[in-house]
$ cat coords.pdb   # PDB, C-alpha atoms, pLDDT in the B column
MODEL        1
ATOM      1  CA  MET A   1      14.431 -18.951  -4.839  1.00 93.00           C
ATOM      2  CA  ARG A   2      14.437 -15.154  -4.999  1.00 97.00           C
ATOM      3  CA  TYR A   3      12.113 -13.105  -7.186  1.00 98.00           C
ATOM      4  CA  PHE A   4      11.851  -9.364  -7.887  1.00 98.00           C
ATOM      5  CA  THR A   5       9.093  -6.880  -8.746  1.00 98.00           C
ATOM      6  CA  GLN A   6       9.152  -3.813 -10.983  1.00 97.00           C
ATOM      7  CA  ASP A   7       8.597  -1.790  -7.792  1.00 97.00           C
ATOM      8  CA  HIS A   8      11.987  -3.065  -6.504  1.00 98.00           C
ATOM      9  CA  GLU A   9      10.767  -5.461  -3.831  1.00 98.00           C
ATOM     10  CA  TRP A  10      12.355  -8.880  -3.493  1.00 98.00           C
ATOM     11  CA  ILE A  11      10.754 -12.036  -2.180  1.00 98.00           C
ATOM     12  CA  GLU A  12      12.724 -15.105  -1.191  1.00 98.00           C
ATOM     13  CA  VAL A  13      10.697 -18.287  -0.993  1.00 97.00           C
ATOM     14  CA  ALA A  14      11.729 -20.857   1.609  1.00 97.00           C
ATOM     15  CA  ALA A  15      12.644 -24.379   0.509  1.00 94.00           C
ATOM     16  CA  SER A  16       9.227 -25.584   1.714  1.00 92.00           C
ATOM     17  CA  GLY A  17       7.560 -23.277  -0.815  1.00 93.00           C
ATOM     18  CA  GLU A  18       5.012 -22.247   1.826  1.00 96.00           C
ATOM     19  CA  THR A  19       6.660 -19.155   3.360  1.00 97.00           C
ATOM     20  CA  ALA A  20       8.711 -16.242   2.084  1.00 98.00           C
ATOM     21  CA  THR A  21      10.692 -13.213   3.229  1.00 98.00           C
ATOM     22  CA  VAL A  22      10.104  -9.777   1.657  1.00 98.00           C
ATOM     23  CA  GLY A  23      12.369  -6.725   1.418  1.00 98.00           C
ATOM     24  CA  ILE A  24      13.502  -4.016  -0.975  1.00 98.00           C
ATOM     25  CA  THR A  25      16.443  -4.161  -3.342  1.00 98.00           C
ATOM     26  CA  ASP A  26      19.758  -2.375  -3.095  1.00 97.00           C
ATOM     27  CA  TYR A  27      18.646  -0.222  -6.036  1.00 97.00           C
ATOM     28  CA  ALA A  28      15.510   0.853  -4.135  1.00 96.00           C
ATOM     29  CA  GLN A  29      17.352   1.774  -0.947  1.00 96.00           C
ATOM     30  CA  GLY A  30      19.826   3.785  -3.012  1.00 95.00           C
ATOM     31  CA  GLN A  31      16.989   5.750  -4.595  1.00 95.00           C
ATOM     32  CA  LEU A  32      15.366   6.393  -1.211  1.00 95.00           C
ATOM     33  CA  GLY A  33      18.486   7.614   0.584  1.00 94.00           C
ATOM     34  CA  ASP A  34      19.009   7.345   4.342  1.00 97.00           C
ATOM     35  CA  ILE A  35      16.141   5.373   5.911  1.00 97.00           C
ATOM     36  CA  VAL A  36      14.909   6.894   9.185  1.00 97.00           C
ATOM     37  CA  PHE A  37      11.687   4.954   9.896  1.00 96.00           C
ATOM     38  CA  VAL A  38       9.965   1.744   8.819  1.00 97.00           C
ATOM     39  CA  GLU A  39       6.309   0.837   9.488  1.00 97.00           C
ATOM     40  CA  LEU A  40       5.801  -2.924   9.254  1.00 97.00           C
ATOM     41  CA  PRO A  41       2.601  -4.948   9.016  1.00 97.00           C
ATOM     42  CA  ALA A  42       1.502  -6.747  12.178  1.00 97.00           C
ATOM     43  CA  SER A  43       1.620 -10.533  12.442  1.00 98.00           C
ATOM     44  CA  GLY A  44      -1.627 -11.997  11.122  1.00 98.00           C
ATOM     45  CA  THR A  45      -2.214  -9.151   8.649  1.00 98.00           C
ATOM     46  CA  ARG A  46      -3.483 -10.339   5.275  1.00 98.00           C
ATOM     47  CA  VAL A  47      -1.772  -8.666   2.325  1.00 98.00           C
ATOM     48  CA  ALA A  48      -2.824  -8.811  -1.313  1.00 98.00           C
ATOM     49  CA  LYS A  49      -0.451  -8.878  -4.269  1.00 97.00           C
ATOM     50  CA  GLY A  50       0.354  -5.346  -5.413  1.00 96.00           C
ATOM     51  CA  GLU A  51      -1.202  -3.621  -2.398  1.00 97.00           C
ATOM     52  CA  ASP A  52       0.523  -1.554   0.303  1.00 97.00           C
ATOM     53  CA  ALA A  53       2.113  -3.774   2.941  1.00 97.00           C
ATOM     54  CA  ALA A  54       4.649  -1.506   4.692  1.00 97.00           C
ATOM     55  CA  VAL A  55       5.942   2.057   4.675  1.00 97.00           C
ATOM     56  CA  VAL A  56       9.528   3.249   4.615  1.00 96.00           C
ATOM     57  CA  GLU A  57      10.536   6.842   5.338  1.00 97.00           C
ATOM     58  CA  SER A  58      13.835   8.356   4.325  1.00 95.00           C
ATOM     59  CA  VAL A  59      15.331  11.809   4.587  1.00 93.00           C
ATOM     60  CA  LYS A  60      14.020  12.346   1.034  1.00 88.00           C
ATOM     61  CA  ALA A  61      10.464  10.932   1.136  1.00 88.00           C
ATOM     62  CA  ALA A  62       8.053   8.296   2.376  1.00 92.00           C
ATOM     63  CA  SER A  63       7.382   5.312   0.148  1.00 95.00           C
ATOM     64  CA  ASP A  64       4.980   2.385   0.195  1.00 96.00           C
ATOM     65  CA  ILE A  65       6.298  -1.159   0.042  1.00 97.00           C
ATOM     66  CA  TYR A  66       3.975  -3.415  -1.932  1.00 97.00           C
ATOM     67  CA  ALA A  67       3.251  -7.077  -1.342  1.00 98.00           C
ATOM     68  CA  PRO A  68       4.844  -9.085  -4.183  1.00 98.00           C
ATOM     69  CA  VAL A  69       2.293 -11.877  -3.572  1.00 98.00           C
ATOM     70  CA  SER A  70      -0.800 -12.427  -1.434  1.00 98.00           C
ATOM     71  CA  GLY A  71      -0.495 -14.020   1.974  1.00 98.00           C
ATOM     72  CA  THR A  72      -0.611 -13.671   5.735  1.00 98.00           C
ATOM     73  CA  VAL A  73       2.206 -11.886   7.557  1.00 98.00           C
ATOM     74  CA  SER A  74       3.940 -14.157  10.043  1.00 98.00           C
ATOM     75  CA  GLU A  75       6.473 -11.671  11.386  1.00 97.00           C
ATOM     76  CA  GLY A  76       7.838  -8.178  10.899  1.00 97.00           C
ATOM     77  CA  ASN A  77      11.596  -7.699  11.200  1.00 98.00           C
ATOM     78  CA  PRO A  78      12.040  -6.584  14.834  1.00 96.00           C
ATOM     79  CA  SER A  79      15.553  -5.256  14.102  1.00 97.00           C
ATOM     80  CA  LEU A  80      14.157  -2.499  11.861  1.00 96.00           C
ATOM     81  CA  GLU A  81      12.244  -0.812  14.673  1.00 90.00           C
ATOM     82  CA  ALA A  82      15.465  -0.091  16.582  1.00 93.00           C
ATOM     83  CA  ASN A  83      17.683   0.274  13.510  1.00 97.00           C
ATOM     84  CA  PRO A  84      15.848   1.270  10.297  1.00 97.00           C
ATOM     85  CA  ALA A  85      19.235   2.022   8.686  1.00 96.00           C
ATOM     86  CA  LEU A  86      19.639  -1.766   8.236  1.00 97.00           C
ATOM     87  CA  VAL A  87      17.586  -1.242   5.073  1.00 97.00           C
ATOM     88  CA  ASN A  88      20.484   0.880   3.752  1.00 97.00           C
ATOM     89  CA  THR A  89      23.372  -1.244   4.981  1.00 97.00           C
ATOM     90  CA  SER A  90      21.901  -4.696   4.270  1.00 98.00           C
ATOM     91  CA  PRO A  91      18.774  -4.326   2.110  1.00 97.00           C
ATOM     92  CA  GLU A  92      18.844  -7.833   0.682  1.00 96.00           C
ATOM     93  CA  LYS A  93      19.808  -9.666   3.860  1.00 97.00           C
ATOM     94  CA  ASP A  94      19.420  -8.288   7.424  1.00 97.00           C
ATOM     95  CA  GLY A  95      17.183  -5.384   6.327  1.00 98.00           C
ATOM     96  CA  TRP A  96      14.230  -7.585   5.301  1.00 98.00           C
ATOM     97  CA  PHE A  97      10.747  -6.243   6.089  1.00 98.00           C
ATOM     98  CA  PHE A  98       8.454  -9.186   6.842  1.00 98.00           C
ATOM     99  CA  THR A  99       7.811 -12.875   6.363  1.00 98.00           C
ATOM    100  CA  LEU A 100       4.546 -14.311   5.131  1.00 97.00           C
ATOM    101  CA  VAL A 101       2.691 -17.513   4.417  1.00 98.00           C
ATOM    102  CA  LEU A 102       1.874 -17.642   0.697  1.00 98.00           C
ATOM    103  CA  ASP A 103      -1.773 -17.877  -0.397  1.00 97.00           C
ATOM    104  CA  ASP A 104      -1.118 -18.897  -3.989  1.00 96.00           C
ATOM    105  CA  LYS A 105       2.336 -19.928  -5.242  1.00 95.00           C
ATOM    106  CA  SER A 106       1.241 -19.306  -8.840  1.00 96.00           C
ATOM    107  CA  GLU A 107       1.448 -15.535  -8.130  1.00 97.00           C
ATOM    108  CA  LEU A 108       5.235 -15.916  -8.219  1.00 97.00           C
ATOM    109  CA  GLU A 109       5.081 -16.704 -11.947  1.00 95.00           C
ATOM    110  CA  GLY A 110       4.716 -13.038 -12.951  1.00 92.00           C
ATOM    111  CA  LEU A 111       7.816 -11.929 -11.031  1.00 98.00           C
ATOM    112  CA  MET A 112      11.355 -11.520 -12.358  1.00 98.00           C
ATOM    113  CA  ASN A 113      14.348 -13.697 -11.544  1.00 97.00           C
ATOM    114  CA  GLY A 114      17.693 -12.066 -10.707  1.00 97.00           C
ATOM    115  CA  PHE A 115      18.889 -11.866 -14.314  1.00 98.00           C
ATOM    116  CA  ALA A 116      15.657 -10.280 -15.538  1.00 98.00           C
ATOM    117  CA  TYR A 117      15.666  -7.800 -12.641  1.00 98.00           C
ATOM    118  CA  LYS A 118      19.274  -6.750 -13.367  1.00 97.00           C
ATOM    119  CA  ALA A 119      18.371  -6.169 -17.020  1.00 98.00           C
ATOM    120  CA  PHE A 120      15.299  -4.185 -15.895  1.00 98.00           C
ATOM    121  CA  VAL A 121      17.375  -1.939 -13.612  1.00 98.00           C
ATOM    122  CA  ASP A 122      20.088  -1.507 -16.247  1.00 97.00           C
ATOM    123  CA  GLY A 123      17.371  -0.165 -18.562  1.00 96.00           C
ATOM    124  CA  LEU A 124      16.202   2.523 -16.139  1.00 94.00           C
TER     125      LEU A 124
ENDMDL
END
$ encode --input "coords.pdb" --output "structure tokens"
Amino acid sequence: MRYFTQDHEWIEVAASGETATVGITDYAQGQLGDIVFVELPASGTRVAKGEDAAVVESVKAASDIYAPVSGTVSEGNPSLEANPALVNTSPEKDGWFFTLVLDDKSELEGLMNGFAYKAFVDGL
């Protein structure tokens, strides 16, 4: 299941419900412009819901990527180090930022589903 934040991050929870993949939405990458650098959290890093977890730099600006839920990072996307533009070309698939082990699945309850996120973006 995929969820979205008001800060334009997405989180896709694995079928097991224990792990998830995090990235930014197509809307977010469009607002940022051409991505030139991504700083990812190291494996084993603990992230807290709503706190800085990664940094993305574009030709326009640098922006923090926030953790949609609390957990422990299992892996950063190694493809982004060599090709940060993947965030532009495939933000909701190949351009993911990191995977994590969830601390508390109940934190997902405050996030939007796809329909709610689309309505949120349409209202911007």
$ closest_residue --input "coords.pdb" --among "A:Thr25, A:Thr45, A:Ser63, A:Ser70" --to "A:His8" --atoms "all atoms listed in the file"
A:Thr25
$ residues_around --input "coords.pdb" --residues "A:Ala53" --least-positions-apart "2" --cutoff "7 Å" --atoms "all atoms listed in the file" --output "PyMOL selection string"
chain A and resi 41+47+51+65-67
$ residues_around --input "coords.pdb" --residues "A:Thr89" --least-positions-apart "6" --cutoff "9 Å" --atoms "all atoms listed in the file" --output "list in words"
Asp26, Gln29 and Gly95 of chain A
$ axis_aligned_box --input "coords.pdb" --around "stretch 76-90 of chain A" --padding-each-side "6 Å" --output "lines of an AutoDock Vina configuration file"
center_x = 15.6
center_y = -3.1
center_z = 10.2
size_x = 27.5
size_y = 22.2
size_z = 24.8
$ residues_around --input "coords.pdb" --residues "A:Glu39" --least-positions-apart "3" --cutoff "9 Å" --atoms "all atoms listed in the file" --output "short mmCIF file (atom, residue, chain, number, x, y, z; two decimals) with C-alpha atoms, keeping the file's coordinate frame"
data_model
loop_
_atom_site.label_atom_id
_atom_site.label_comp_id
_atom_site.auth_asym_id
_atom_site.auth_seq_id
_atom_site.Cartn_x
_atom_site.Cartn_y
_atom_site.Cartn_z
CA ALA A 54 4.65 -1.51 4.69
CA VAL A 55 5.94 2.06 4.68
CA VAL A 56 9.53 3.25 4.62
CA GLU A 57 10.54 6.84 5.34
CA LEU A 80 14.16 -2.50 11.86
CA GLU A 81 12.24 -0.81 14.67
#
$ atom_distance --input "coords.pdb" --atom1 "atom CA of A:Asp94" --atom2 "atom CA of A:Ala116"
23.4 Å
$ closest_residue --input "coords.pdb" --among "A:Ile24, A:Ala61, A:Ala14, A:Val38" --to "A:Pro91" --atoms "all atoms listed in the file"
A:Ile24
$ atom_distance --input "coords.pdb" --atom1 "atom CA of A:Ala42" --atom2 "atom CA of A:Ala20"
15.6 Å
$ residues_around --input "coords.pdb" --residues "A:Glu18" --least-positions-apart "6" --cutoff "9 Å" --atoms "only C-alpha atoms" --output "list in words"
Leu100, Val101, Leu102, Asp103 and Lys105 of chain A
$ write_last_selection --input "coords.pdb" --atoms "C-alpha atoms" --output "short mmCIF file (atom, residue, chain, number, x, y, z; two decimals), in the frame of the given file"
data_model
loop_
_atom_site.label_atom_id
_atom_site.label_comp_id
_atom_site.auth_asym_id
_atom_site.auth_seq_id
_atom_site.Cartn_x
_atom_site.Cartn_y
_atom_site.Cartn_z
CA LEU A 100 4.55 -14.31 5.13
CA VAL A 101 2.69 -17.51 4.42
CA LEU A 102 1.87 -17.64 0.70
CA ASP A 103 -1.77 -17.88 -0.40
CA LYS A 105 2.34 -19.93 -5.24
#
$ atom_distance --input "coords.pdb" --atom1 "atom CA of A:Ser58" --atom2 "atom CA of A:Ala28"
11.4 Å
